Amino acid sequence: MAAQTVLFDFTVDPVRTSDPKERQEIAKVLRHELECLFPQLEQQYQMPMDDGYFAVLTENKETIITVRIFGQGLVTINLEYYLEDGKEQLLSFDTMRALELILQQKLNSENSKYLPPIKRGGYIDIYMTTSDERIIEYDIDSLVYEARSPFQKIQIMHSKTLGNMLILDELQNIAESDLIYTETLMGRGVENYEGKEICILGGGDGALLYELLKEKPKFVVMLEIDELVMQACNKYLNSICGDVLEKRKGDNYEIIVGDCVEYMKKFIADGRKFDYVFGDLTDIPISGAPIGECWDFIRTILEHSFKILKPDGKYLTHGNGTSCVESLELFEEQLGLLKPKVKFTTSKAFVPSFMEEWLFYQVSLA
C-alpha cells in the first residue's frame with residue numbers, strides 16, 4: 001500500500017505561458033486530455049495568479065490532479081492517488097507515455113518528460129539517495145529483517161538484482177553484490193596481508209574480516225560496537241561474511257564487541273602495534289566545514305590509529321562518493337594536519353548497491 005505520484009513536465013514557449021489568454025488555452029487542452037482518461041474529473045480549485053496558472057482537479061475525491069503553468073515556459077501535471085495492495089496501477093506505462101506524447105504535440109512542447117509512479121509511504125521504502133543526494137529507486141521486494149539497537153536502526157532488505165542489503169539508519173551499507181567494495185577497501189592484489197597483524201575498526205557486516213582471512217594474516221582483531229548488526233548479518237548476509245560472525249574467534253582472529261576508541265586506548269597503553277588498521281566506520285560527512293560530532297570522531301579515529309600502527313603500517317578506509325569533492329577535500333585537509341606527517345593514495349570503484357563510484361584511502365607515515 002502506498003500513495004502513487006505521477007509527474008508530467010512540458011517545456012513550452014514562454015511567450016505563450018506569459019500571456020493570460022494563451023495560458024487559458026493551454027489549460028483547456030490539458031483539461032480536455034485529462035478528461036479523456038478521467039471522465040468524472042471536476043475542478044475543485046483555481047488560484048488567481050498574475051504570471052501563471054494553478055488548478056486542482058479531482059475524480060471521485062480520490063484521484064487528485066494539480067495543474068500548473070509557469071510564466072517562464074514550464075507546464076506541470078502532478079497526479080496522486082492511493083493504491084491498495086493487489087490493485088493495478090491507475091495508469092499503465094503505455095497510457096502515461098501516450099498522454100505525454102499527445103500533450104507534447106498539442107502544446108508544441110520542445111521537451112517533455114513523465115516519471116512513473118513515485119511510491120510514497122509504503123511499508124517498504126524503496127528509495128535511497130546517493131552521496132550527492134540523487135534519488136535512487138531500488139528493486140526491493142521484501143523487508144527481511146528490522147530492529148533497532150542502542151546505536152542505530154538496522155534493516156536488511158532483499159533486492160531482486162543486488163541480493164540482501166544491509167541498511168543502517170536509512171543508508172545503504174553493503175549488499176551481497178558488493179565484493180568489489182571490500183576488495184577495493186583492502187586493496188586486494190596490491191597489499192600483502194600474509195603474516196601481518198591487522199585491526200579492523202567497525203566492520204560489523206563481517207565481509208572485510210572474512211575476505212582478509214583468505215589472505216593468511218598472522219592475526220586480525222575486529223572491534224565492533226553493535227552486537228545486533230553482527231547477529232543480523234550472520235543470519236541474512238552469510239554469503240559475504242561466511243561463519244566468522246557465528247564463531248567470533250579462531251586461530252588467527254577475534255571479534256571484540258565494544259567501543260573501538262576505548263580498545264585503541266588500551267592498545268596504546270599496552271604498546272600493541274599493527275601492520276594495518278582499517279577504518280570501516282562512518283563515511284566522511286557531507287558538510288561545508290569539518291566541524292561537529294562526526295568530524296570529531298573521525299579525527300579521534302585517525303589520531304588513535306596512527307598510535308597503534310607500526311612505522312611502516314597503513315591505515316585503510318572508505319571515503320565517500322567521488323562526486324562529493326568538497327567533503328573529500330575536507331577529509332584530506334584533516335590528513336594534512338596529522339602529526340607526525342602522513343601521505344596518502346586513493347583508489348576508486350563503482351559499488352553496485354551504492355549505484356555510484358566510491359573513493360577509498362590508503363594512508364601511511366610520510
# chains A, B, ... in the order shown; residues from 1 in each chain; ligands from 1
call {"tool": "residues_around", "arguments": {"residues": "range 55-71 of chain A", "least_positions_apart": "3", "cutoff": "10 Å", "atoms": "only C-alpha atoms", "output": "VMD selection string"}}
result
chain A and resid 4 to 20 23 to 24 26 to 27 30 to 31 34 to 35 38 to 52 74 to 82 90
call {"tool": "residues_around", "arguments": {"residues": "Cys199 in chain A", "least_positions_apart": "5", "cutoff": "6 Å", "atoms": "only C-alpha atoms", "output": "PDB file with N, CA, C and O atoms, in the first residue's frame"}}
result
ATOM      1  N   VAL A 220      43.998 -11.137  13.161  1.00  0.00           N
ATOM      2  CA  VAL A 220      43.104  -9.997  12.924  1.00  0.00           C
ATOM      3  C   VAL A 220      42.221  -9.820  14.155  1.00  0.00           C
ATOM      4  O   VAL A 220      41.583 -10.779  14.602  1.00  0.00           O
ATOM      5  N   VAL A 221      42.202  -8.607  14.683  1.00  0.00           N
ATOM      6  CA  VAL A 221      41.265  -8.284  15.748  1.00  0.00           C
ATOM      7  C   VAL A 221      40.250  -7.292  15.194  1.00  0.00           C
ATOM      8  O   VAL A 221      40.615  -6.304  14.551  1.00  0.00           O
ATOM      9  N   MET A 222      38.981  -7.577  15.388  1.00  0.00           N
ATOM     10  CA  MET A 222      37.909  -6.710  14.886  1.00  0.00           C
ATOM     11  C   MET A 222      37.154  -6.129  16.071  1.00  0.00           C
ATOM     12  O   MET A 222      36.743  -6.863  16.974  1.00  0.00           O
ATOM     13  N   VAL A 277      45.588  -0.985   9.942  1.00  0.00           N
ATOM     14  CA  VAL A 277      44.372  -0.622  10.672  1.00  0.00           C
ATOM     15  C   VAL A 277      43.335  -0.212   9.628  1.00  0.00           C
ATOM     16  O   VAL A 277      43.615   0.629   8.758  1.00  0.00           O
TER      17      VAL A 277
END
call {"tool": "select_by_dssp", "arguments": {"residues": "range 40-257 of chain A", "states": "strand (DSSP E)", "output": "short mmCIF file (atom, residue, chain, number, x, y, z; two decimals) with N, CA and C atoms, in the first residue's frame"}}
result
data_model
loop_
_atom_site.label_atom_id
_atom_site.label_comp_id
_atom_site.auth_asym_id
_atom_site.auth_seq_id
_atom_site.Cartn_x
_atom_site.Cartn_y
_atom_site.Cartn_z
N LEU A 41 -13.88 13.87 -14.03
CA LEU A 41 -12.98 14.89 -13.50
C LEU A 41 -13.73 16.19 -13.20
N GLU A 42 -13.47 16.75 -12.03
CA GLU A 42 -14.08 18.02 -11.64
C GLU A 42 -13.01 18.97 -11.13
N GLN A 43 -13.17 20.25 -11.44
CA GLN A 43 -12.25 21.25 -10.91
C GLN A 43 -12.71 21.68 -9.52
N GLN A 44 -11.81 21.57 -8.55
CA GLN A 44 -12.14 21.92 -7.17
C GLN A 44 -11.62 23.30 -6.78
N TYR A 45 -10.56 23.74 -7.46
CA TYR A 45 -9.95 25.00 -7.02
C TYR A 45 -9.09 25.56 -8.15
N GLN A 46 -9.10 26.87 -8.28
CA GLN A 46 -8.19 27.56 -9.18
C GLN A 46 -7.66 28.80 -8.48
N MET A 47 -6.35 28.92 -8.42
CA MET A 47 -5.73 30.05 -7.74
C MET A 47 -5.50 31.20 -8.72
N GLY A 52 0.89 33.15 -13.95
CA GLY A 52 0.83 31.71 -14.11
C GLY A 52 -0.59 31.19 -13.92
N TYR A 53 -0.69 29.88 -13.75
CA TYR A 53 -1.99 29.22 -13.60
C TYR A 53 -1.81 28.04 -12.67
N PHE A 54 -2.78 27.86 -11.77
CA PHE A 54 -2.74 26.71 -10.87
C PHE A 54 -4.17 26.26 -10.60
N ALA A 55 -4.40 24.94 -10.78
CA ALA A 55 -5.74 24.40 -10.54
C ALA A 55 -5.63 23.01 -9.94
N VAL A 56 -6.64 22.67 -9.15
CA VAL A 56 -6.72 21.34 -8.55
C VAL A 56 -7.97 20.66 -9.09
N LEU A 57 -7.78 19.46 -9.66
CA LEU A 57 -8.86 18.67 -10.23
C LEU A 57 -8.95 17.34 -9.50
N THR A 58 -10.15 16.80 -9.40
CA THR A 58 -10.30 15.51 -8.74
C THR A 58 -11.28 14.63 -9.50
N GLU A 59 -11.13 13.32 -9.30
CA GLU A 59 -12.12 12.37 -9.77
C GLU A 59 -12.55 11.53 -8.58
N THR A 63 -8.72 10.60 -6.68
CA THR A 63 -7.58 10.96 -7.53
C THR A 63 -7.49 12.47 -7.60
N ILE A 64 -6.34 13.00 -7.21
CA ILE A 64 -6.14 14.46 -7.21
C ILE A 64 -5.08 14.81 -8.25
N ILE A 65 -5.43 15.76 -9.08
CA ILE A 65 -4.50 16.21 -10.13
C ILE A 65 -4.29 17.71 -9.97
N THR A 66 -3.04 18.11 -9.88
CA THR A 66 -2.73 19.54 -9.85
C THR A 66 -2.08 19.92 -11.18
N VAL A 67 -2.53 21.02 -11.71
CA VAL A 67 -2.02 21.52 -12.98
C VAL A 67 -1.43 22.90 -12.74
N ARG A 68 -0.22 23.11 -13.21
CA ARG A 68 0.38 24.43 -13.05
C ARG A 68 1.06 24.87 -14.34
N ILE A 69 0.86 26.13 -14.67
CA ILE A 69 1.51 26.73 -15.83
C ILE A 69 2.39 27.87 -15.31
N PHE A 70 3.66 27.75 -15.54
CA PHE A 70 4.61 28.79 -15.12
C PHE A 70 4.82 29.77 -16.26
N LEU A 74 7.09 26.60 -18.40
CA LEU A 74 7.00 25.23 -17.91
C LEU A 74 5.56 24.89 -17.55
N VAL A 75 5.12 23.71 -17.98
CA VAL A 75 3.79 23.21 -17.64
C VAL A 75 3.97 21.89 -16.89
N THR A 76 3.33 21.77 -15.73
CA THR A 76 3.46 20.55 -14.94
C THR A 76 2.10 19.99 -14.58
N ILE A 77 2.04 18.65 -14.53
CA ILE A 77 0.86 17.93 -14.07
C ILE A 77 1.31 16.94 -13.00
N ASN A 78 0.72 17.01 -11.84
CA ASN A 78 1.01 16.06 -10.76
C ASN A 78 -0.26 15.29 -10.45
N LEU A 79 -0.18 13.98 -10.58
CA LEU A 79 -1.34 13.12 -10.37
C LEU A 79 -1.06 12.23 -9.16
N GLU A 80 -2.00 12.19 -8.21
CA GLU A 80 -1.76 11.44 -6.98
C GLU A 80 -3.00 10.64 -6.59
N TYR A 81 -2.76 9.39 -6.18
CA TYR A 81 -3.84 8.53 -5.70
C TYR A 81 -3.26 7.47 -4.78
N TYR A 82 -4.11 6.78 -4.07
CA TYR A 82 -3.65 5.73 -3.16
C TYR A 82 -3.93 4.37 -3.77
N LEU A 83 -2.90 3.52 -3.77
CA LEU A 83 -3.03 2.20 -4.38
C LEU A 83 -2.96 1.12 -3.31
N ASN A 111 10.41 19.98 -25.11
CA ASN A 111 10.88 18.87 -24.28
C ASN A 111 9.77 18.46 -23.34
N SER A 112 9.64 17.17 -23.14
CA SER A 112 8.63 16.68 -22.20
C SER A 112 9.18 15.46 -21.48
N LYS A 113 8.58 15.16 -20.32
CA LYS A 113 9.03 14.03 -19.53
C LYS A 113 7.91 13.58 -18.60
N TYR A 114 7.76 12.27 -18.48
CA TYR A 114 6.88 11.76 -17.43
C TYR A 114 7.69 10.82 -16.55
N LEU A 115 7.38 10.81 -15.27
CA LEU A 115 8.04 9.91 -14.34
C LEU A 115 7.03 8.86 -13.89
N PRO A 116 7.39 7.58 -13.94
CA PRO A 116 6.49 6.53 -13.45
C PRO A 116 6.14 6.77 -11.99
N PRO A 117 5.13 6.10 -11.48
CA PRO A 117 4.66 6.40 -10.13
C PRO A 117 5.75 6.37 -9.07
N ILE A 118 5.86 7.46 -8.33
CA ILE A 118 6.71 7.51 -7.15
C ILE A 118 5.87 6.96 -6.00
N LYS A 119 6.40 5.94 -5.34
CA LYS A 119 5.62 5.25 -4.30
C LYS A 119 5.99 5.83 -2.94
N ARG A 120 5.02 6.41 -2.26
CA ARG A 120 5.27 7.15 -1.03
C ARG A 120 4.49 6.57 0.14
N TYR A 127 13.29 3.83 -1.79
CA TYR A 127 14.08 4.96 -2.24
C TYR A 127 15.21 5.28 -1.25
N MET A 128 16.39 5.50 -1.80
CA MET A 128 17.52 6.00 -1.02
C MET A 128 18.25 7.01 -1.89
N THR A 129 19.24 7.66 -1.31
CA THR A 129 19.95 8.69 -2.06
C THR A 129 21.42 8.35 -2.20
N ILE A 135 18.24 10.80 -6.03
CA ILE A 135 17.31 9.76 -5.60
C ILE A 135 17.49 8.49 -6.43
N ILE A 136 17.55 7.36 -5.72
CA ILE A 136 17.65 6.05 -6.37
C ILE A 136 16.42 5.24 -5.99
N GLU A 137 15.80 4.60 -6.98
CA GLU A 137 14.73 3.65 -6.70
C GLU A 137 15.28 2.24 -6.85
N ILE A 140 13.61 -3.38 -4.54
CA ILE A 140 13.42 -4.10 -3.28
C ILE A 140 12.03 -4.74 -3.28
N ASP A 141 12.00 -6.02 -2.94
CA ASP A 141 10.71 -6.72 -2.94
C ASP A 141 10.31 -7.24 -1.56
N SER A 142 11.21 -7.15 -0.58
CA SER A 142 10.82 -7.61 0.75
C SER A 142 11.73 -7.04 1.83
N LEU A 143 11.15 -6.85 3.01
CA LEU A 143 11.91 -6.48 4.19
C LEU A 143 12.21 -7.78 4.93
N VAL A 144 13.49 -8.12 4.98
CA VAL A 144 13.92 -9.40 5.55
C VAL A 144 14.05 -9.31 7.07
N TYR A 145 14.53 -8.17 7.54
CA TYR A 145 14.83 -8.03 8.98
C TYR A 145 14.77 -6.55 9.34
N GLU A 146 14.27 -6.26 10.53
CA GLU A 146 14.27 -4.88 11.01
C GLU A 146 14.32 -4.88 12.54
N ALA A 147 15.19 -4.06 13.09
CA ALA A 147 15.31 -3.93 14.54
C ALA A 147 16.03 -2.61 14.82
N ARG A 148 15.97 -2.20 16.07
CA ARG A 148 16.70 -1.00 16.48
C ARG A 148 17.60 -1.37 17.65
N LYS A 153 19.22 2.17 13.71
CA LYS A 153 18.16 1.37 13.10
C LYS A 153 18.81 0.41 12.11
N ILE A 154 18.44 -0.86 12.18
CA ILE A 154 19.04 -1.89 11.35
C ILE A 154 17.96 -2.51 10.47
N GLN A 155 18.21 -2.54 9.17
CA GLN A 155 17.30 -3.21 8.25
C GLN A 155 18.10 -4.07 7.28
N ILE A 156 17.54 -5.19 6.92
CA ILE A 156 18.07 -5.97 5.80
C ILE A 156 16.91 -6.16 4.84
N MET A 157 17.11 -5.67 3.62
CA MET A 157 16.08 -5.76 2.59
C MET A 157 16.60 -6.60 1.44
N HIS A 158 15.68 -7.20 0.71
CA HIS A 158 16.08 -8.01 -0.43
C HIS A 158 15.81 -7.27 -1.73
N SER A 159 16.84 -7.20 -2.55
CA SER A 159 16.74 -6.61 -3.89
C SER A 159 16.81 -7.73 -4.92
N GLY A 163 20.59 -8.75 -4.22
CA GLY A 163 20.55 -9.68 -3.11
C GLY A 163 20.17 -8.96 -1.83
N ASN A 164 20.48 -9.55 -0.70
CA ASN A 164 20.19 -8.91 0.58
C ASN A 164 21.09 -7.70 0.79
N MET A 165 20.51 -6.65 1.35
CA MET A 165 21.21 -5.38 1.55
C MET A 165 21.13 -4.96 3.01
N LEU A 166 22.26 -4.57 3.59
CA LEU A 166 22.28 -4.04 4.95
C LEU A 166 22.09 -2.53 4.89
N ILE A 167 21.07 -2.04 5.61
CA ILE A 167 20.76 -0.62 5.64
C ILE A 167 20.77 -0.16 7.09
N LEU A 168 21.60 0.83 7.39
CA LEU A 168 21.72 1.35 8.75
C LEU A 168 21.28 2.80 8.78
N LEU A 171 20.53 4.32 5.45
CA LEU A 171 21.62 4.45 4.49
C LEU A 171 22.12 3.07 4.09
N GLN A 172 22.25 2.86 2.78
CA GLN A 172 22.75 1.60 2.26
C GLN A 172 24.21 1.40 2.68
N ASN A 173 24.55 0.22 3.22
CA ASN A 173 25.90 -0.07 3.68
C ASN A 173 26.62 -1.10 2.82
N ILE A 174 26.01 -2.25 2.62
CA ILE A 174 26.64 -3.28 1.80
C ILE A 174 25.56 -4.26 1.37
N ALA A 175 25.80 -4.89 0.23
CA ALA A 175 24.86 -5.90 -0.28
C ALA A 175 25.66 -7.12 -0.72
N GLU A 197 49.69 -8.44 11.14
CA GLU A 197 48.75 -8.20 12.24
C GLU A 197 47.84 -7.04 11.85
N ILE A 198 46.55 -7.25 12.01
CA ILE A 198 45.56 -6.31 11.46
C ILE A 198 44.51 -5.98 12.51
N CYS A 199 44.08 -4.72 12.52
CA CYS A 199 42.99 -4.28 13.38
C CYS A 199 41.89 -3.68 12.52
N ILE A 200 40.68 -4.17 12.68
CA ILE A 200 39.52 -3.63 11.96
C ILE A 200 38.69 -2.83 12.96
N LEU A 201 38.46 -1.57 12.65
CA LEU A 201 37.58 -0.72 13.46
C LEU A 201 36.21 -0.74 12.82
N GLY A 202 35.23 -1.30 13.50
CA GLY A 202 33.90 -1.45 12.91
C GLY A 202 33.82 -2.76 12.15
N PHE A 219 47.25 -12.42 12.49
CA PHE A 219 46.11 -12.28 13.40
C PHE A 219 45.33 -11.02 13.04
N VAL A 220 44.00 -11.14 13.16
CA VAL A 220 43.10 -10.00 12.92
C VAL A 220 42.22 -9.82 14.15
N VAL A 221 42.20 -8.61 14.68
CA VAL A 221 41.26 -8.28 15.75
C VAL A 221 40.25 -7.29 15.19
N MET A 222 38.98 -7.58 15.39
CA MET A 222 37.91 -6.71 14.89
C MET A 222 37.15 -6.13 16.07
N LEU A 223 36.98 -4.81 16.05
CA LEU A 223 36.32 -4.10 17.15
C LEU A 223 35.00 -3.53 16.64
N GLU A 224 33.90 -4.13 17.04
CA GLU A 224 32.57 -3.71 16.59
C GLU A 224 31.67 -3.47 17.80
N LYS A 249 35.65 -16.14 16.94
CA LYS A 249 37.05 -16.32 17.33
C LYS A 249 37.63 -17.54 16.64
N GLY A 250 38.88 -17.42 16.20
CA GLY A 250 39.57 -18.53 15.56
C GLY A 250 41.05 -18.48 15.88
N TYR A 253 42.05 -14.97 14.43
CA TYR A 253 41.19 -13.78 14.50
C TYR A 253 40.35 -13.80 15.77
N GLU A 254 39.90 -12.60 16.14
CA GLU A 254 39.00 -12.45 17.27
C GLU A 254 38.12 -11.23 17.04
N ILE A 255 36.83 -11.39 17.32
CA ILE A 255 35.90 -10.26 17.26
C ILE A 255 35.61 -9.82 18.70
N ILE A 256 35.83 -8.55 18.96
CA ILE A 256 35.56 -7.99 20.28
C ILE A 256 34.39 -7.02 20.16
N VAL A 257 33.37 -7.21 20.98
CA VAL A 257 32.22 -6.33 20.98
C VAL A 257 32.47 -5.20 21.97
#
call {"tool": "closest_residue", "arguments": {"among": "A:Lys218, A:Tyr236, A:Leu209, A:Lys343", "to": "Asp280 in chain A", "atoms": "only C-alpha atoms"}}
result
A:Leu209
call {"tool": "closest_residue", "arguments": {"among": "A:Phe93, A:Pro290, A:Val190, A:Phe306", "to": "Glu326 in chain A", "atoms": "only C-alpha atoms"}}
result
A:Pro290
call {"tool": "select_by_dssp", "arguments": {"residues": "range 75-114 of chain A", "states": "helix (DSSP H, G or I)", "output": "count of residues only"}}
result
14
call {"tool": "closest_residue", "arguments": {"among": "A:Gln105, A:Leu91, A:Tyr210, A:Ile284", "to": "Glu329 in chain A", "atoms": "only C-alpha atoms"}}
result
A:Ile284
call {"tool": "atom_distance", "arguments": {"atom1": "CA of Gly242 in chain A", "atom2": "CA of Lys273 in chain A"}}
result
27.2 Å
call {"tool": "residues_around", "arguments": {"residues": "Met264 in chain A", "least_positions_apart": "6", "cutoff": "9 Å", "atoms": "only C-alpha atoms", "output": "list in words"}}
result
Ile301, His304, Ser305, Lys307 and Ile308 of chain A
call {"tool": "closest_residue", "arguments": {"among": "A:Asp125, A:Cys324, A:Ala3, A:Pro150", "to": "Asp85 in chain A", "atoms": "only C-alpha atoms"}}
result
A:Ala3
call {"tool": "residues_around", "arguments": {"residues": "range 191-194 of chain A", "least_positions_apart": "4", "cutoff": "6 Å", "atoms": "only C-alpha atoms", "output": "PDB file with all heavy atoms, in the first residue's frame"}}
result
ATOM      1  N   GLY A 187      42.435  -3.363  -0.872  1.00  0.00           N
ATOM      2  CA  GLY A 187      43.488  -3.319  -1.880  1.00  0.00           C
ATOM      3  C   GLY A 187      43.958  -4.702  -2.283  1.00  0.00           C
ATOM      4  O   GLY A 187      45.162  -4.956  -2.381  1.00  0.00           O
ATOM      5  N   GLU A 215      43.634 -14.205   3.078  1.00  0.00           N
ATOM      6  CA  GLU A 215      44.976 -13.752   2.723  1.00  0.00           C
ATOM      7  C   GLU A 215      46.051 -14.252   3.703  1.00  0.00           C
ATOM      8  O   GLU A 215      47.189 -13.812   3.653  1.00  0.00           O
ATOM      9  CB  GLU A 215      45.005 -12.216   2.668  1.00  0.00           C
ATOM     10  CG  GLU A 215      43.952 -11.600   1.754  1.00  0.00           C
ATOM     11  CD  GLU A 215      44.197 -11.908   0.295  1.00  0.00           C
ATOM     12  OE1 GLU A 215      45.371 -11.868  -0.139  1.00  0.00           O
ATOM     13  OE2 GLU A 215      43.206 -12.193  -0.418  1.00  0.00           O
ATOM     14  N   LYS A 216      45.685 -15.130   4.627  1.00  0.00           N
ATOM     15  CA  LYS A 216      46.588 -15.772   5.584  1.00  0.00           C
ATOM     16  C   LYS A 216      47.331 -14.776   6.494  1.00  0.00           C
ATOM     17  O   LYS A 216      48.556 -14.806   6.607  1.00  0.00           O
ATOM     18  CB  LYS A 216      47.603 -16.649   4.854  1.00  0.00           C
ATOM     19  CG  LYS A 216      46.966 -17.749   4.017  1.00  0.00           C
ATOM     20  CD  LYS A 216      47.998 -18.569   3.273  1.00  0.00           C
ATOM     21  CE  LYS A 216      47.327 -19.647   2.428  1.00  0.00           C
ATOM     22  NZ  LYS A 216      48.336 -20.441   1.651  1.00  0.00           N
ATOM     23  N   PRO A 217      46.597 -13.888   7.154  1.00  0.00           N
ATOM     24  CA  PRO A 217      47.255 -12.968   8.088  1.00  0.00           C
ATOM     25  C   PRO A 217      47.697 -13.715   9.351  1.00  0.00           C
ATOM     26  O   PRO A 217      47.207 -14.816   9.642  1.00  0.00           O
ATOM     27  CB  PRO A 217      46.155 -11.964   8.418  1.00  0.00           C
ATOM     28  CG  PRO A 217      44.892 -12.756   8.277  1.00  0.00           C
ATOM     29  CD  PRO A 217      45.128 -13.715   7.142  1.00  0.00           C
TER      30      PRO A 217
END
call {"tool": "residues_around", "arguments": {"residues": "Ser239 in chain A", "least_positions_apart": "4", "cutoff": "12 Å", "atoms": "only C-alpha atoms", "output": "list in words"}}
result
Gly163, Asn164, Met165, Ile174, Ala175, Glu176, Ser177, Asp178, Leu179, Asp205, Gly206, Ala207, Tyr210, Glu211, Cys233, Asn234, Lys235, Asp243, Val244 and Leu245 of chain A
call {"tool": "closest_residue", "arguments": {"among": "A:Leu228, A:Leu309, A:Ile240, A:Leu185", "to": "Ile268 in chain A", "atoms": "only C-alpha atoms"}}
result
A:Leu309
call {"tool": "atom_distance", "arguments": {"atom1": "CA of Lys265 in chain A", "atom2": "CA of Leu302 in chain A"}}
result
12.6 Å
call {"tool": "decode", "arguments": {"residues": "range 328-342 of chain A", "atoms": "N, CA, C and O atoms", "output": "CSV table (one decimal), in the first residue's frame"}}
result
chain,number,residue,atom,x,y,z
A,328,LEU,N,35.4,15.3,0.4
A,328,LEU,CA,36.7,14.6,0.3
A,328,LEU,C,37.9,15.5,0.5
A,328,LEU,O,38.9,15.1,1.2
A,329,GLU,N,37.8,16.7,0.0
A,329,GLU,CA,38.9,17.6,0.2
A,329,GLU,C,39.0,18.0,1.7
A,329,GLU,O,40.2,18.2,2.2
A,330,LEU,N,37.9,18.1,2.4
A,330,LEU,CA,38.0,18.4,3.8
A,330,LEU,C,38.6,17.3,4.6
A,330,LEU,O,39.4,17.5,5.5
A,331,PHE,N,38.3,16.0,4.2
A,331,PHE,CA,39.0,14.9,4.8
A,331,PHE,C,40.5,14.9,4.6
A,331,PHE,O,41.3,14.7,5.5
A,332,GLU,N,40.9,15.2,3.4
A,332,GLU,CA,42.3,15.3,3.0
A,332,GLU,C,43.0,16.4,3.8
A,332,GLU,O,44.2,16.3,4.1
A,333,GLU,N,42.3,17.5,4.0
A,333,GLU,CA,42.8,18.5,4.9
A,333,GLU,C,43.1,18.0,6.3
A,333,GLU,O,44.1,18.4,6.9
A,334,GLN,N,42.2,17.2,6.8
A,334,GLN,CA,42.4,16.6,8.1
A,334,GLN,C,43.6,15.7,8.2
A,334,GLN,O,44.4,15.7,9.1
A,335,LEU,N,43.8,15.0,7.1
A,335,LEU,CA,45.0,14.1,7.0
A,335,LEU,C,46.3,15.0,7.0
A,335,LEU,O,47.3,14.6,7.6
A,336,GLY,N,46.2,16.1,6.4
A,336,GLY,CA,47.4,17.0,6.3
A,336,GLY,C,47.7,17.7,7.7
A,336,GLY,O,48.8,18.1,7.9
A,337,LEU,N,46.8,17.6,8.6
A,337,LEU,CA,47.0,18.2,9.9
A,337,LEU,C,47.6,17.2,10.9
A,337,LEU,O,47.9,17.6,12.0
A,338,LEU,N,47.6,15.9,10.5
A,338,LEU,CA,48.1,14.9,11.5
A,338,LEU,C,49.6,15.0,11.7
A,338,LEU,O,50.4,15.4,10.9
A,339,LYS,N,49.9,14.7,13.0
A,339,LYS,CA,51.4,14.7,13.4
A,339,LYS,C,51.7,13.4,14.0
A,339,LYS,O,50.9,13.0,15.0
A,340,PRO,N,52.7,12.7,13.6
A,340,PRO,CA,53.6,13.1,12.5
A,340,PRO,C,52.9,13.1,11.2
A,340,PRO,O,51.8,12.6,11.0
A,341,LYS,N,53.6,13.6,10.2
A,341,LYS,CA,53.0,13.8,8.8
A,341,LYS,C,52.7,12.5,8.2
A,341,LYS,O,53.4,11.5,8.4
A,342,VAL,N,51.7,12.5,7.4
A,342,VAL,CA,51.3,11.3,6.6
A,342,VAL,C,51.2,11.6,5.2
A,342,VAL,O,51.1,12.7,4.7
